[in-house]
Amino acid sequence: MQKALWLVVALAFVVGLVVPGDPEPQECPARDTRVIAPYAVTGYWVMPRADRCVTQRMVEAVHAIGGDTLITFGPRFNARPDPDFPACAADGRPCAEVPGVRVRHVYTYATSEEFGPGMLRCPGIDRRIDGGGRTFYRLTLAGTCTAAEHDLVLVATDGDGLGNLMREAHAYGMTVYPGLPAAAQRAGKPWEPDAAHTAALNAFTARVLADYRARFAGLASFGGVYQSFELAMRTRARNDPIISLYAAQHAVVAAALPGKRIVVSPYIDARRGRGFPPSQVRDGLAAIAGTRAGTPMAVAVQDGRGTGKVPVHGPQDGAAKVAPRLVPVVGDVTNEQAYYGPTSAYVAAAARRVPDGVELWVNAEGFEPTPAAGECGRADPLPPRGRTTKARLDQQVMAAGPHIAKIISYGWDPFFTCQARYDTPSLADDIAAGWQQPIIVNAIPQELDGRPGVLVEGYHLKGGTLRLEPGGAVVPQERHWQGRPRQDRPESTGGGPSPTGSIPLPTGVGPSPAGGEPGSTGTRLESAWVPYTWPWTSVTATNAAGYTSTSAYTRDSVGGPR
């Protein structure tokens, strides 16, 4: 993490919190639980760390810029021999050999957590093995300890990174979604799960979740789990193997963790010839929601900009050339030639019909498709990715629109923390410096008290002015609300302002508390109104603190939102 943000954290006022069963080690600094720079993105994928002090610094840095949610990927439940798996020996024998026990299949699982004693159910078979500075577990998946044959799981761990993360998140009022064990992949088709091992995966998932239920019972930070096996949010074939996996594994979650949320992050792909149009996302969302087994679910749509699968642009830019950072992915062509549409079209299509029991989130990909010269990013695992900018991330927040419940981002390390040089800022530092810049996510013509005007929704809008194009008129705000006006307000239906009516009072939703509950991010939205006569095509905000939007919010010529 770049030194500027750590300096903010280091100089913060000390707030001491007591975490159940977590005495304060002397070597770790006291926690600072202030939110210093609350940005619109409030959740991040992170890597569990075996060092508690490193974990504390990471959680504190995320929390300082408004993060309230942490997600981890689940390790692979590996069904094939793993030559890189560390040697494990028990009583002079390989761990996969158990005297007097017939072993049918051996799975491996490399993780960053230490299980509780409840995982060890069968004496002589289930064991924790410490040696050579490593910890291993040998676990049977058989229904009984006296079964005629056993499937074994050999687990290697580098420490209790997940436990550290869960306890630190609790101290900062944050929520963690640890990744479910990721299904074994088909040989030759790694994008599909190997259904031959689904029963074993479910048995192991049930063991892991029972352990979580026991270990994290006193921690409010345990919000649920993340489904690590990826799929596209599009029309799915009948008997789709990934949907079948979801249904089976989510039923295990529902039984083991009633009331906990399942987070899924499907991708969209707008590339012509390889992807799919926005019209398919509704069916894809419904198929995913159908696997939730009665549990709450959040579907965090990957916005596609980081991988180059989906562009971020306004409706007037279809004929424009794709952004330079997208050229390596789709070529030097126009947006319309390369893509079916921008991120905003896909998110809007999903938002039109969100199934019951589901919250719609957006996963803003916080990276570039390829690295540029002199730029930090990710070299491993492949493909290499580059570091993006705060202004580009603002555009992704704009594209998410006003109807989603939360914006999260992949991923904190290395994309928000890397530096091109020791004395240059990270993306997290840039967010900390520019968090007050307004971001408009919606703008519509709207009458208020019989006067035509413009209603905008977004982040950090309070006070100041709106600049409207064409013409460049700068109009002071007359009204401001925390949250959104009621959803039954009259809406514009064409190329001009609403014909009648005024804006009803807001429903009473206010700003979410720092480090608030999952799904509360939508209440961080603000609304502002200025008197203005149609027509207009774009709007930029400057708030009372003197900060201006990094990009204008645009509309097409007949008033359709971007």
# chains A, B, ... in the order shown; residues from 1 in each chain; ligands from 1
$ select_by_dssp --residues "segment 116-175 of chain A" --states "alpha helix (DSSP H)" --output "ChimeraX atom specification"
/A:161-171
$ residues_around --residues "Asp91 of chain A" --least-positions-apart "4" --cutoff "10 Å" --atoms "only C-alpha atoms" --output "list of chain:residue names"
A:Cys95, A:Val98, A:Ile129
$ write_last_selection --atoms "C-alpha atoms" --output "short mmCIF file (atom, residue, chain, number, x, y, z; two decimals), in the first residue's frame"
data_model
loop_
_atom_site.label_atom_id
_atom_site.label_comp_id
_atom_site.auth_asym_id
_atom_site.auth_seq_id
_atom_site.Cartn_x
_atom_site.Cartn_y
_atom_site.Cartn_z
CA CYS A 95 -1.02 -39.08 4.69
CA VAL A 98 -4.38 -45.12 6.49
CA ILE A 129 -0.70 -33.05 11.35
#
$ residues_around --residues "Thr108 of chain A" --least-positions-apart "4" --cutoff "7 Å" --atoms "only C-alpha atoms" --output "tab-separated table (two decimals) with N, CA, C and O atoms, in the first residue's frame"
chain	number	residue	atom	x	y	z
A	77	PHE	N	-11.29	-27.56	-4.84
A	77	PHE	CA	-11.44	-28.94	-4.36
A	77	PHE	C	-10.92	-29.83	-5.49
A	77	PHE	O	-11.63	-30.14	-6.44
A	78	ASN	N	-9.65	-30.18	-5.38
A	78	ASN	CA	-8.91	-30.75	-6.50
A	78	ASN	C	-9.05	-32.27	-6.52
A	78	ASN	O	-8.69	-32.95	-5.57
A	79	ALA	N	-9.59	-32.77	-7.65
A	79	ALA	CA	-9.83	-34.21	-7.76
A	79	ALA	C	-8.69	-34.95	-8.42
A	79	ALA	O	-8.65	-36.19	-8.37
A	153	VAL	N	-9.73	-36.23	1.99
A	153	VAL	CA	-9.30	-34.90	1.58
A	153	VAL	C	-8.05	-34.56	2.37
A	153	VAL	O	-8.06	-34.59	3.61
A	154	LEU	N	-6.97	-34.26	1.66
A	154	LEU	CA	-5.75	-33.78	2.30
A	154	LEU	C	-5.72	-32.26	2.17
A	154	LEU	O	-5.77	-31.72	1.05
A	155	VAL	N	-5.66	-31.60	3.30
A	155	VAL	CA	-5.70	-30.13	3.35
A	155	VAL	C	-4.35	-29.62	3.80
A	155	VAL	O	-3.78	-30.11	4.79
$ residues_around --residues "Glu457 of chain A" --least-positions-apart "6" --cutoff "8 Å" --atoms "only C-alpha atoms" --output "list of chain:residue names"
A:Pro402, A:Ile440, A:Val441, A:Asn442, A:Ala443, A:Arg484, A:Leu525, A:Glu526, A:Ser527, A:Ala528
$ residues_around --residues "segment 306-313 of chain A" --least-positions-apart "5" --cutoff "10 Å" --atoms "only C-alpha atoms" --output "VMD selection string"
chain A and resid 267 to 272 274 to 275 318 320 322 to 323 325 to 330 335 338 to 346 364 to 370 383 385 to 388 392 to 393 395 to 400 410 553 to 554 562
$ residues_around --residues "segment 166-169 of chain A" --least-positions-apart "4" --cutoff "7 Å" --atoms "only C-alpha atoms" --output "list in words"
Val19, Gln56, Val59, Leu162, Gly173, Met174, Thr175, Val176, Ser221 and Phe222 of chain A
$ closest_residue --among "A:Trp481, A:Tyr459, A:Trp361, A:Trp536" --to "Ile444 of chain A" --atoms "only C-alpha atoms"
A:Trp536
$ closest_residue --among "A:Glu149, A:Glu359, A:Asp51, A:Glu27" --to "Thr295 of chain A" --atoms "only C-alpha atoms"
A:Glu359
$ closest_residue --among "A:Val281, A:Ala203, A:Ile125, A:Ala247" --to "Arg234 of chain A" --atoms "only C-alpha atoms"
A:Val281
$ closest_residue --among "A:Ile288, A:Ala199, A:Leu455, A:Ala110" --to "Pro485 of chain A" --atoms "only C-alpha atoms"
A:Leu455
$ select_by_dssp --residues "segment 89-318 of chain A" --states "strand (DSSP E or B)" --output "NGL selection string"
:A and (89-90 or 93-94 or 103-111 or 127-131 or 134-140 or 150-157 or 175-177 or 179 or 182 or 185-186 or 189-193 or 222 or 224-226 or 232 or 261-264 or 267 or 271 or 297-302)
$ closest_residue --among "A:Val35, A:Val106, A:Cys122, A:Ala552" --to "Glu469 of chain A" --atoms "only C-alpha atoms"
A:Ala552
$ residues_around --residues "His63 of chain A" --least-positions-apart "4" --cutoff "10 Å" --atoms "only C-alpha atoms" --output "list in words"
Asp32, Thr33, Arg34, Val35, Ile36, Ala37, Pro38, Thr42, Gly43, Arg57, Met58, Val59, Gly67, Asp68, Thr69, Leu70, Ala169, Tyr172, Gly173, Met174, Ala514 and Gly515 of chain A
$ write_last_selection --atoms "N, CA and C atoms" --output "CSV table (one decimal), in the first residue's frame"
chain,number,residue,atom,x,y,z
A,32,ASP,N,-7.8,1.7,14.3
A,32,ASP,CA,-8.5,2.9,14.0
A,32,ASP,C,-9.7,2.6,13.2
A,33,THR,N,-10.9,2.8,13.6
A,33,THR,CA,-12.1,2.4,13.0
A,33,THR,C,-12.8,3.5,12.2
A,34,ARG,N,-12.1,4.6,12.0
A,34,ARG,CA,-12.7,5.7,11.3
A,34,ARG,C,-12.8,5.4,9.8
A,35,VAL,N,-13.9,6.0,9.2
A,35,VAL,CA,-14.0,6.0,7.7
A,35,VAL,C,-13.6,7.4,7.3
A,36,ILE,N,-12.5,7.4,6.6
A,36,ILE,CA,-11.8,8.7,6.3
A,36,ILE,C,-12.3,9.3,4.9
A,37,ALA,N,-12.5,8.3,4.0
A,37,ALA,CA,-12.8,8.7,2.6
A,37,ALA,C,-13.8,7.8,2.0
A,38,PRO,N,-15.1,8.0,2.4
A,38,PRO,CA,-16.1,7.0,1.9
A,38,PRO,C,-16.4,7.1,0.4
A,42,THR,N,-17.9,-0.3,-2.0
A,42,THR,CA,-17.9,-0.6,-0.6
A,42,THR,C,-17.5,-2.0,-0.3
A,43,GLY,N,-17.1,-2.8,-1.3
A,43,GLY,CA,-16.7,-4.2,-1.0
A,43,GLY,C,-15.6,-4.6,-2.0
A,57,ARG,N,-3.9,-4.3,9.0
A,57,ARG,CA,-3.6,-3.1,8.1
A,57,ARG,C,-4.4,-3.1,6.8
A,58,MET,N,-4.6,-4.3,6.3
A,58,MET,CA,-5.4,-4.4,5.0
A,58,MET,C,-6.8,-4.0,5.3
A,59,VAL,N,-7.4,-4.6,6.3
A,59,VAL,CA,-8.8,-4.4,6.7
A,59,VAL,C,-9.0,-2.9,7.0
A,67,GLY,N,-15.1,0.9,2.7
A,67,GLY,CA,-15.4,-0.5,2.5
A,67,GLY,C,-16.1,-1.1,3.7
A,68,ASP,N,-17.1,-1.9,3.5
A,68,ASP,CA,-17.8,-2.6,4.6
A,68,ASP,C,-17.9,-4.1,4.3
A,69,THR,N,-17.4,-4.6,3.2
A,69,THR,CA,-17.6,-5.9,2.8
A,69,THR,C,-16.3,-6.5,2.2
A,70,LEU,N,-15.9,-7.7,2.6
A,70,LEU,CA,-14.7,-8.4,2.2
A,70,LEU,C,-15.1,-9.8,1.7
A,169,ALA,N,-12.4,-8.0,10.6
A,169,ALA,CA,-13.7,-7.5,10.1
A,169,ALA,C,-14.7,-7.2,11.1
A,172,TYR,N,-14.0,-4.0,12.9
A,172,TYR,CA,-14.3,-2.8,12.1
A,172,TYR,C,-15.7,-2.7,11.6
A,173,GLY,N,-16.6,-3.6,12.1
A,173,GLY,CA,-18.0,-3.5,11.7
A,173,GLY,C,-18.2,-3.9,10.3
A,174,MET,N,-17.4,-4.8,9.8
A,174,MET,CA,-17.5,-5.2,8.4
A,174,MET,C,-18.0,-6.6,8.2
A,514,ALA,N,-21.2,4.4,8.4
A,514,ALA,CA,-19.9,3.9,8.0
A,514,ALA,C,-19.7,2.4,8.4
A,515,GLY,N,-19.3,1.6,7.5
A,515,GLY,CA,-19.2,0.2,7.8
A,515,GLY,C,-20.6,-0.4,8.0
